[in-house]
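So this block is upload-v3.cif, mmCIF, C-alpha atoms and all ligand atoms:
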data_structure
#
loop_
_atom_site.label_atom_id
_atom_site.label_comp_id
_atom_site.auth_asym_id
_atom_site.auth_seq_id
_atom_site.Cartn_x
_atom_site.Cartn_y
_atom_site.Cartn_z
CA MET D 1 4.50 13.22 7.21
CA SER D 2 3.29 10.86 4.49
CA THR D 3 5.60 9.35 1.90
CA ILE D 4 3.95 11.47 -0.80
CA ALA D 5 4.55 14.67 1.17
CA GLU D 6 8.21 13.72 1.63
CA LEU D 7 8.59 12.86 -2.03
CA ALA D 8 6.76 16.01 -3.14
CA ALA D 9 9.12 18.10 -1.04
CA ALA D 10 12.04 16.49 -2.86
CA PHE D 11 10.64 17.42 -6.27
CA GLU D 12 11.09 21.14 -6.72
CA ARG D 13 9.67 21.78 -10.18
CA ILE D 14 5.99 22.55 -10.62
CA GLY D 15 4.15 20.40 -13.14
CA ASN D 16 6.32 17.38 -12.56
CA PRO D 17 5.03 14.23 -10.94
CA VAL D 18 6.22 12.51 -7.82
CA VAL D 19 7.51 9.10 -8.87
CA GLN D 20 7.49 6.03 -6.63
CA THR D 21 9.17 2.91 -8.01
CA TRP D 22 9.17 -0.72 -6.95
CA PHE D 23 11.77 -3.16 -8.36
CA HIS D 24 10.60 -6.72 -9.10
CA GLN D 25 13.72 -8.81 -8.55
CA GLN D 26 12.67 -11.96 -10.42
CA SER D 27 12.03 -10.14 -13.71
CA SER D 28 14.33 -7.14 -13.05
CA THR D 29 11.33 -4.88 -13.75
CA ALA D 30 10.91 -1.35 -12.41
CA CYS D 31 7.23 -0.56 -11.82
CA HIS D 32 6.61 3.19 -11.57
CA CYS D 33 3.75 5.10 -9.98
CA ILE D 34 3.28 8.63 -11.38
CA ILE D 35 1.67 10.73 -8.66
CA ASP D 36 0.16 14.20 -8.98
CA PRO D 37 1.14 15.82 -5.65
CA ALA D 38 -1.63 18.42 -6.04
CA THR D 39 -4.61 16.06 -6.39
CA HIS D 40 -3.16 12.71 -5.26
CA HIS D 41 -4.36 11.07 -8.48
CA CYS D 42 -1.88 8.56 -9.88
CA ALA D 43 -1.03 6.18 -12.71
CA LEU D 44 0.83 2.90 -12.44
CA ILE D 45 3.19 1.81 -15.20
CA ASP D 46 4.17 -1.79 -15.99
CA SER D 47 2.92 -3.65 -12.94
CA VAL D 48 4.02 -7.26 -12.38
CA LEU D 49 2.12 -10.37 -11.32
CA ASP D 50 4.34 -12.96 -9.64
CA PHE D 51 4.30 -16.21 -11.61
CA ASP D 52 5.72 -19.62 -10.75
CA TYR D 53 5.88 -21.09 -14.26
CA ALA D 54 6.89 -24.57 -13.13
CA ALA D 55 3.81 -24.83 -10.94
CA GLY D 56 1.54 -22.73 -13.19
CA HIS D 57 0.69 -20.59 -10.16
CA THR D 58 0.22 -16.82 -9.96
CA HIS D 59 0.90 -14.86 -6.78
CA THR D 60 0.22 -11.27 -5.83
CA GLN D 61 2.89 -10.35 -3.26
CA PHE D 62 4.47 -7.69 -5.48
CA ALA D 63 1.14 -6.23 -6.61
CA ASP D 64 -0.14 -6.25 -3.02
CA ARG D 65 2.82 -4.09 -1.90
CA ILE D 66 1.79 -1.51 -4.49
CA ILE D 67 -1.88 -1.70 -3.54
CA THR D 68 -0.97 -1.25 0.14
CA PHE D 69 1.06 1.88 -0.71
CA ILE D 70 -1.69 3.43 -2.85
CA LYS D 71 -4.29 2.80 -0.15
CA ALA D 72 -2.05 4.03 2.69
CA GLU D 73 -1.27 7.27 0.83
CA GLY D 74 -4.93 7.86 -0.04
CA LEU D 75 -4.19 7.95 -3.78
CA LYS D 76 -6.79 7.65 -6.55
CA LEU D 77 -5.58 5.30 -9.29
CA ASP D 78 -6.68 6.70 -12.66
CA TRP D 79 -4.60 4.56 -15.00
CA LEU D 80 -2.85 1.22 -15.28
CA LEU D 81 -0.47 1.89 -18.17
CA GLU D 82 1.64 -0.57 -20.14
CA THR D 83 4.60 0.60 -22.19
CA HIS D 84 4.23 -2.54 -24.35
CA ALA D 85 3.20 -6.20 -24.25
CA HIS D 86 6.00 -7.56 -22.08
CA ALA D 87 7.69 -10.84 -22.88
CA ASP D 88 9.36 -11.40 -19.53
CA HIS D 89 6.61 -11.00 -16.93
CA LEU D 90 2.86 -11.11 -16.55
CA SER D 91 1.01 -7.84 -16.03
CA ALA D 92 -0.83 -7.39 -12.73
CA ALA D 93 -3.06 -4.67 -14.22
CA PRO D 94 -6.38 -6.61 -14.05
CA TYR D 95 -5.73 -7.69 -10.45
CA ILE D 96 -4.88 -4.14 -9.33
CA LYS D 97 -7.80 -2.69 -11.32
CA GLN D 98 -10.14 -5.08 -9.51
CA GLN D 99 -8.84 -3.78 -6.15
CA LEU D 100 -8.46 -0.07 -6.91
CA GLY D 101 -10.24 0.79 -10.16
CA GLY D 102 -8.57 2.67 -13.02
CA ARG D 103 -8.36 2.08 -16.77
CA ILE D 104 -5.82 -0.15 -18.51
CA GLY D 105 -4.08 1.68 -21.37
CA ILE D 106 -1.51 0.77 -24.04
CA GLY D 107 -0.41 1.99 -27.48
CA GLU D 108 -2.91 1.44 -30.31
CA HIS D 109 -0.46 -0.77 -32.21
CA ILE D 110 -1.14 -3.51 -29.66
CA LYS D 111 -3.62 -4.57 -32.35
CA ASP D 112 -0.64 -5.47 -34.60
CA VAL D 113 0.96 -7.43 -31.75
CA GLN D 114 -2.33 -9.26 -31.11
CA LYS D 115 -2.49 -10.20 -34.80
CA VAL D 116 1.11 -11.47 -34.90
CA PHE D 117 0.89 -13.47 -31.69
CA GLY D 118 -2.72 -14.51 -32.22
CA ASP D 119 -1.33 -16.33 -35.27
CA VAL D 120 1.77 -17.62 -33.44
CA PHE D 121 -0.47 -19.16 -30.78
CA HIS D 122 -3.15 -20.12 -33.35
CA ASP D 123 -5.77 -18.97 -30.87
CA ASP D 124 -9.07 -17.41 -31.95
CA SER D 125 -9.80 -16.36 -28.36
CA ILE D 126 -7.01 -13.76 -28.62
CA PRO D 127 -8.68 -10.48 -29.72
CA ARG D 128 -7.16 -8.65 -32.70
CA ASP D 129 -8.95 -5.32 -32.17
CA GLY D 130 -7.31 -4.03 -29.01
CA ARG D 131 -9.80 -5.51 -26.57
CA PRO D 132 -9.83 -5.97 -23.59
CA PHE D 133 -7.65 -2.90 -23.03
CA ASP D 134 -9.76 0.03 -21.84
CA LYS D 135 -7.81 2.64 -23.80
CA LEU D 136 -5.62 2.51 -26.94
CA PHE D 137 -3.37 5.58 -27.17
CA ILE D 138 -2.33 7.15 -30.46
CA ASP D 139 0.99 8.93 -30.98
CA GLY D 140 0.89 12.45 -29.54
CA GLU D 141 -2.32 11.91 -27.57
CA THR D 142 -2.51 13.59 -24.17
CA PHE D 143 -4.43 12.55 -21.09
CA ALA D 144 -4.81 13.63 -17.48
CA ILE D 145 -3.40 12.19 -14.27
CA GLY D 146 -5.14 14.52 -11.84
CA GLU D 147 -3.87 17.96 -12.91
CA LEU D 148 -0.79 16.55 -14.66
CA ARG D 149 -0.80 16.20 -18.46
CA ALA D 150 0.74 13.05 -19.87
CA ARG D 151 1.74 12.79 -23.55
CA VAL D 152 2.06 9.55 -25.48
CA MET D 153 5.07 9.02 -27.73
CA HIS D 154 5.03 5.99 -30.06
CA THR D 155 8.49 4.39 -29.79
CA PRO D 156 8.37 1.12 -31.82
CA GLY D 157 11.34 -1.11 -32.58
CA HIS D 158 11.50 -3.49 -29.62
CA THR D 159 7.83 -4.21 -30.40
CA PRO D 160 5.45 -2.44 -32.81
CA ALA D 161 3.27 -1.19 -29.94
CA CYS D 162 5.89 0.36 -27.65
CA VAL D 163 5.07 3.79 -26.27
CA ALA D 164 6.69 6.22 -23.86
CA TYR D 165 4.63 8.39 -21.50
CA VAL D 166 5.99 11.92 -21.03
CA VAL D 167 4.87 13.89 -17.97
CA GLY D 168 6.57 17.25 -17.40
CA GLU D 169 10.29 16.57 -17.32
CA ASP D 170 9.84 12.86 -16.64
CA ALA D 171 9.47 10.23 -19.36
CA PHE D 172 8.61 6.58 -18.83
CA VAL D 173 10.28 4.84 -21.72
CA GLY D 174 9.66 1.12 -21.30
CA ASP D 175 12.29 -1.09 -22.93
CA THR D 176 13.56 1.31 -25.60
CA LEU D 177 16.60 2.14 -23.47
CA PHE D 178 18.30 0.57 -20.49
CA MET D 179 20.82 2.35 -18.27
CA PRO D 180 23.73 3.81 -20.29
CA ASP D 181 26.06 1.00 -19.15
CA TYR D 182 23.68 -1.69 -20.48
CA GLY D 183 22.31 -0.27 -23.74
CA THR D 184 19.07 -0.88 -25.60
CA ALA D 185 16.25 -3.38 -26.02
CA ARG D 186 16.48 -6.38 -28.33
CA CYS D 187 14.68 -6.12 -31.65
CA ASP D 188 14.33 -9.77 -32.68
CA PHE D 189 10.84 -10.57 -31.39
CA PRO D 190 8.11 -10.88 -34.05
CA GLY D 191 7.42 -7.32 -35.25
CA GLY D 192 10.71 -5.95 -33.85
CA ASN D 193 13.04 -3.84 -36.02
CA ALA D 194 16.45 -2.33 -35.16
CA HIS D 195 16.14 0.48 -37.73
CA THR D 196 12.82 1.45 -36.18
CA LEU D 197 14.25 1.37 -32.66
CA TYR D 198 17.12 3.63 -33.74
CA HIS D 199 14.63 6.27 -34.89
CA SER D 200 12.49 5.89 -31.75
CA VAL D 201 15.55 6.50 -29.59
CA GLN D 202 16.34 9.62 -31.65
CA ARG D 203 12.86 10.89 -30.71
CA LEU D 204 13.64 10.31 -27.03
CA TYR D 205 17.04 11.99 -27.46
CA SER D 206 15.26 15.06 -28.86
CA LEU D 207 13.56 15.62 -25.48
CA PRO D 208 15.18 18.34 -23.32
CA PRO D 209 18.55 17.06 -22.03
CA GLN D 210 17.53 17.31 -18.38
CA THR D 211 14.49 15.04 -18.93
CA ARG D 212 14.56 12.13 -16.51
CA LEU D 213 14.09 8.81 -18.31
CA HIS D 214 12.47 6.14 -16.12
CA LEU D 215 13.34 2.69 -17.45
CA CYS D 216 11.40 -0.57 -17.30
CA HIS D 217 14.34 -2.86 -16.50
CA ASP D 218 17.80 -2.96 -15.03
CA TYR D 219 20.07 -6.01 -15.22
CA MET D 220 22.75 -4.63 -12.87
CA PRO D 221 25.87 -5.10 -15.06
CA GLY D 222 29.05 -5.76 -13.12
CA GLY D 223 27.03 -6.48 -10.00
CA ARG D 224 26.21 -2.82 -9.30
CA ALA D 225 22.99 -1.90 -7.46
CA ALA D 226 19.78 -1.65 -9.50
CA GLN D 227 19.17 1.75 -11.17
CA TRP D 228 16.28 2.84 -13.36
CA VAL D 229 16.52 6.63 -13.82
CA CYS D 230 18.94 8.68 -15.92
CA THR D 231 18.73 11.84 -18.02
CA VAL D 232 18.51 12.24 -21.79
CA GLN D 233 21.91 13.93 -21.65
CA GLU D 234 23.48 10.98 -19.83
CA GLN D 235 22.11 8.59 -22.47
CA ARG D 236 23.23 10.77 -25.38
CA GLU D 237 26.72 11.02 -23.92
CA GLY D 238 27.25 7.53 -22.64
CA ASN D 239 24.87 4.81 -23.83
CA VAL D 240 27.21 1.96 -24.72
CA GLN D 241 25.09 0.82 -27.69
CA LEU D 242 23.37 3.95 -28.98
CA ASN D 243 24.64 7.41 -28.07
CA ALA D 244 24.67 10.72 -29.95
CA ARG D 245 27.66 9.58 -32.04
CA THR D 246 26.23 6.19 -33.13
CA THR D 247 25.09 5.91 -36.76
CA GLU D 248 22.01 3.96 -37.77
CA ASP D 249 24.11 1.43 -39.70
CA GLU D 250 26.43 0.88 -36.74
CA PHE D 251 23.52 0.36 -34.38
CA VAL D 252 21.60 -1.99 -36.65
CA ALA D 253 24.69 -4.12 -37.33
CA PHE D 254 25.46 -4.33 -33.61
CA ARG D 255 21.86 -5.08 -32.60
CA LYS D 256 21.43 -7.88 -35.18
CA GLN D 257 24.66 -9.55 -34.14
CA ARG D 258 23.83 -9.29 -30.42
CA ASP D 259 20.20 -10.43 -30.83
CA ALA D 260 21.34 -13.56 -32.69
CA GLN D 261 23.15 -14.63 -29.50
CA LEU D 262 20.29 -14.05 -27.04
CA ASP D 263 18.08 -16.80 -25.62
CA MET D 264 14.32 -16.30 -25.53
CA PRO D 265 13.15 -14.83 -22.19
CA ALA D 266 12.14 -17.61 -19.78
CA LEU D 267 8.55 -16.37 -19.54
CA ILE D 268 7.91 -15.25 -23.14
CA VAL D 269 5.37 -18.00 -23.87
CA PRO D 270 3.06 -17.34 -20.90
CA SER D 271 3.75 -13.59 -20.78
CA VAL D 272 2.77 -12.76 -24.32
CA GLN D 273 -0.43 -14.82 -24.23
CA VAL D 274 -1.53 -13.07 -21.05
CA ASN D 275 -0.26 -9.55 -21.76
CA ILE D 276 -1.87 -9.16 -25.20
CA ARG D 277 -5.11 -9.89 -23.34
CA ALA D 278 -4.37 -6.89 -21.08
CA GLY D 279 -3.13 -9.26 -18.37
CA GLU D 280 -6.14 -11.56 -18.38
CA MET D 281 -5.81 -15.34 -18.54
CA PRO D 282 -7.27 -17.22 -21.53
CA PRO D 283 -10.96 -18.10 -21.13
CA ALA D 284 -11.46 -20.99 -18.69
CA GLU D 285 -12.33 -24.36 -20.22
CA ASP D 286 -15.47 -26.27 -19.16
CA ASN D 287 -13.74 -27.49 -15.99
CA GLY D 288 -13.22 -23.89 -14.89
CA VAL D 289 -9.43 -24.00 -15.46
CA SER D 290 -7.50 -21.63 -17.73
CA TYR D 291 -4.70 -23.10 -19.91
CA LEU D 292 -1.78 -21.58 -21.83
CA LYS D 293 -0.39 -22.98 -25.08
CA VAL D 294 3.22 -23.69 -26.07
CA PRO D 295 3.90 -23.47 -29.82
CA ILE D 296 6.47 -26.12 -30.75
CA ASN D 297 9.38 -25.06 -32.98
CA VAL D 298 7.80 -21.70 -33.79
CA LEU D 299 9.49 -18.99 -31.69
FE FE P 301 9.98 -5.81 -23.31
#
What do you get writing this file as structure tokens?
Amino acid sequence: MSTIAELAAAFERIGNPVVQTWFHQQSSTACHCIIDPATHHCALIDSVLDFDYAAGHTHTQFADRIITFIKAEGLKLDWLLETHAHADHLSAAPYIKQQLGGRIGIGEHIKDVQKVFGDVFHDDSIPRDGRPFDKLFIDGETFAIGELRARVMHTPGHTPACVAYVVGEDAFVGDTLFMPDYGTARCDFPGGNAHTLYHSVQRLYSLPPQTRLHLCHDYMPGGRAAQWVCTVQEQREGNVQLNARTTEDEFVAFRKQRDAQLDMPALIVPSVQVNIRAGEMPPAEDNGVSYLKVPINVL
């Protein structure tokens, strides 16, 4: 029996996807594949390209594992979705698209992120109009993954362009929330806002309590094993930073104080430049080599 058949048997409710997840250890990123068990169409969320920053070298071991799975299961990749422009890893979406097809999609407010970081990097080659993403989703828009319907929910705060993808009773929520024992995303990147994140999380908490939230990261507090799925109810009851009892003022005060103590992610400089280009490297210079910039004393 194939992996999909086994997974489909484990998912009892009609209209819900089968979800296969890979965990990228270096960036603590959970990459999810949403699979329609009826048609074997699928969508990949937040893929990761391996990157050795010291050497300036990209590698594809992680992406190749995903490609091997999709080919072995006979799946048709419709979408390469991003929940936001990540600051901690490079997207593998263009590499996987080249191998398997599919369209790269993100929230329409990526245009705002391109403007902010286009200025930070003082780089006219960074588009400001949403290119080269294939699809910019607006809040509430729906789209198909085979016979499954996915709905886009704009969830800004961590970044202006963050979205969650809701499919049946599964929601793929990016960095808005981490596991209940770890909390919420930082809000101190350019364009971030703790008030805005509070209201985005309230939108997620208004989903049915049994909704499974699939997270983008897990940092394994206390040395426990990595986890990336929990329910709305579990978050509302137990999120250590933002649960059903937390007021907006309490959350914002906490988030500002915590964010002031955090270091920048190790890969923010390369990640943002690549990810706001939908995972593509900057245009090669006349020697055929692509270069990334480092803004001094800016971030
Ligand atoms: Fe993020």
Return the single residue from D:Leu80, D:Val289, D:Leu262, D:Cys162 that is closest to ligand FE 301 (chain P), with distances computed using all atoms listed in the file.
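Checking each candidate against ligand FE 301 (chain P), we get D:Cys162 as the closest.
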Applying 7 Å and all atoms listed in the file, which residues near D:Arg103 remain after dropping the ones on its own chain fewer than 4 positions away? List them as a PyMOL selection string.
chain D and resi 78-80+134
Give me, as a PyMOL selection string, all polymer residues having an atom no more than 7 Å from D:Ala87, counting only C-alpha atoms and skipping those fewer than 5 positions away in the same chain.
chain D and resi 265+267-268+271-272
Could you jot down the atom CA of D:Ile296 to atom CA of D:His122 separation for me, Å, one decimal place?
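Distance reported for this atom pair: 11.6 Å.
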Which residue out of D:Ser125, D:Asn287, D:Asn275, D:Thr21 has the minimum interatomic distance to D:Pro94 when only C-alpha atoms are used?
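Using only C-alpha atoms, D:Pro94 sits closest to D:Asn275.
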For D:Pro156, work out the shell of residues within 10 Å, counting all atoms listed in the file and skipping chain neighbours fewer than 4 positions away, then give it as number ranges by chain.
D: 84, 107, 109, 160-164, 175-176, 187, 191-201
Could those residues be written to a file, using C-alpha atoms, as a PDB file, in the coordinates of the input?
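Dumped to part-v4.pdb:
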ATOM      1  CA  HIS D  84       4.230  -2.540 -24.350  1.00  0.00           C
ATOM      2  CA  GLY D 107      -0.410   1.990 -27.480  1.00  0.00           C
ATOM      3  CA  HIS D 109      -0.460  -0.770 -32.210  1.00  0.00           C
ATOM      4  CA  PRO D 160       5.450  -2.440 -32.810  1.00  0.00           C
ATOM      5  CA  ALA D 161       3.270  -1.190 -29.940  1.00  0.00           C
ATOM      6  CA  CYS D 162       5.890   0.360 -27.650  1.00  0.00           C
ATOM      7  CA  VAL D 163       5.070   3.790 -26.270  1.00  0.00           C
ATOM      8  CA  ALA D 164       6.690   6.220 -23.860  1.00  0.00           C
ATOM      9  CA  ASP D 175      12.290  -1.090 -22.930  1.00  0.00           C
ATOM     10  CA  THR D 176      13.560   1.310 -25.600  1.00  0.00           C
ATOM     11  CA  CYS D 187      14.680  -6.120 -31.650  1.00  0.00           C
ATOM     12  CA  GLY D 191       7.420  -7.320 -35.250  1.00  0.00           C
ATOM     13  CA  GLY D 192      10.710  -5.950 -33.850  1.00  0.00           C
ATOM     14  CA  ASN D 193      13.040  -3.840 -36.020  1.00  0.00           C
ATOM     15  CA  ALA D 194      16.450  -2.330 -35.160  1.00  0.00           C
ATOM     16  CA  HIS D 195      16.140   0.480 -37.730  1.00  0.00           C
ATOM     17  CA  THR D 196      12.820   1.450 -36.180  1.00  0.00           C
ATOM     18  CA  LEU D 197      14.250   1.370 -32.660  1.00  0.00           C
ATOM     19  CA  TYR D 198      17.120   3.630 -33.740  1.00  0.00           C
ATOM     20  CA  HIS D 199      14.630   6.270 -34.890  1.00  0.00           C
ATOM     21  CA  SER D 200      12.490   5.890 -31.750  1.00  0.00           C
ATOM     22  CA  VAL D 201      15.550   6.500 -29.590  1.00  0.00           C
TER      23      VAL D 201
END
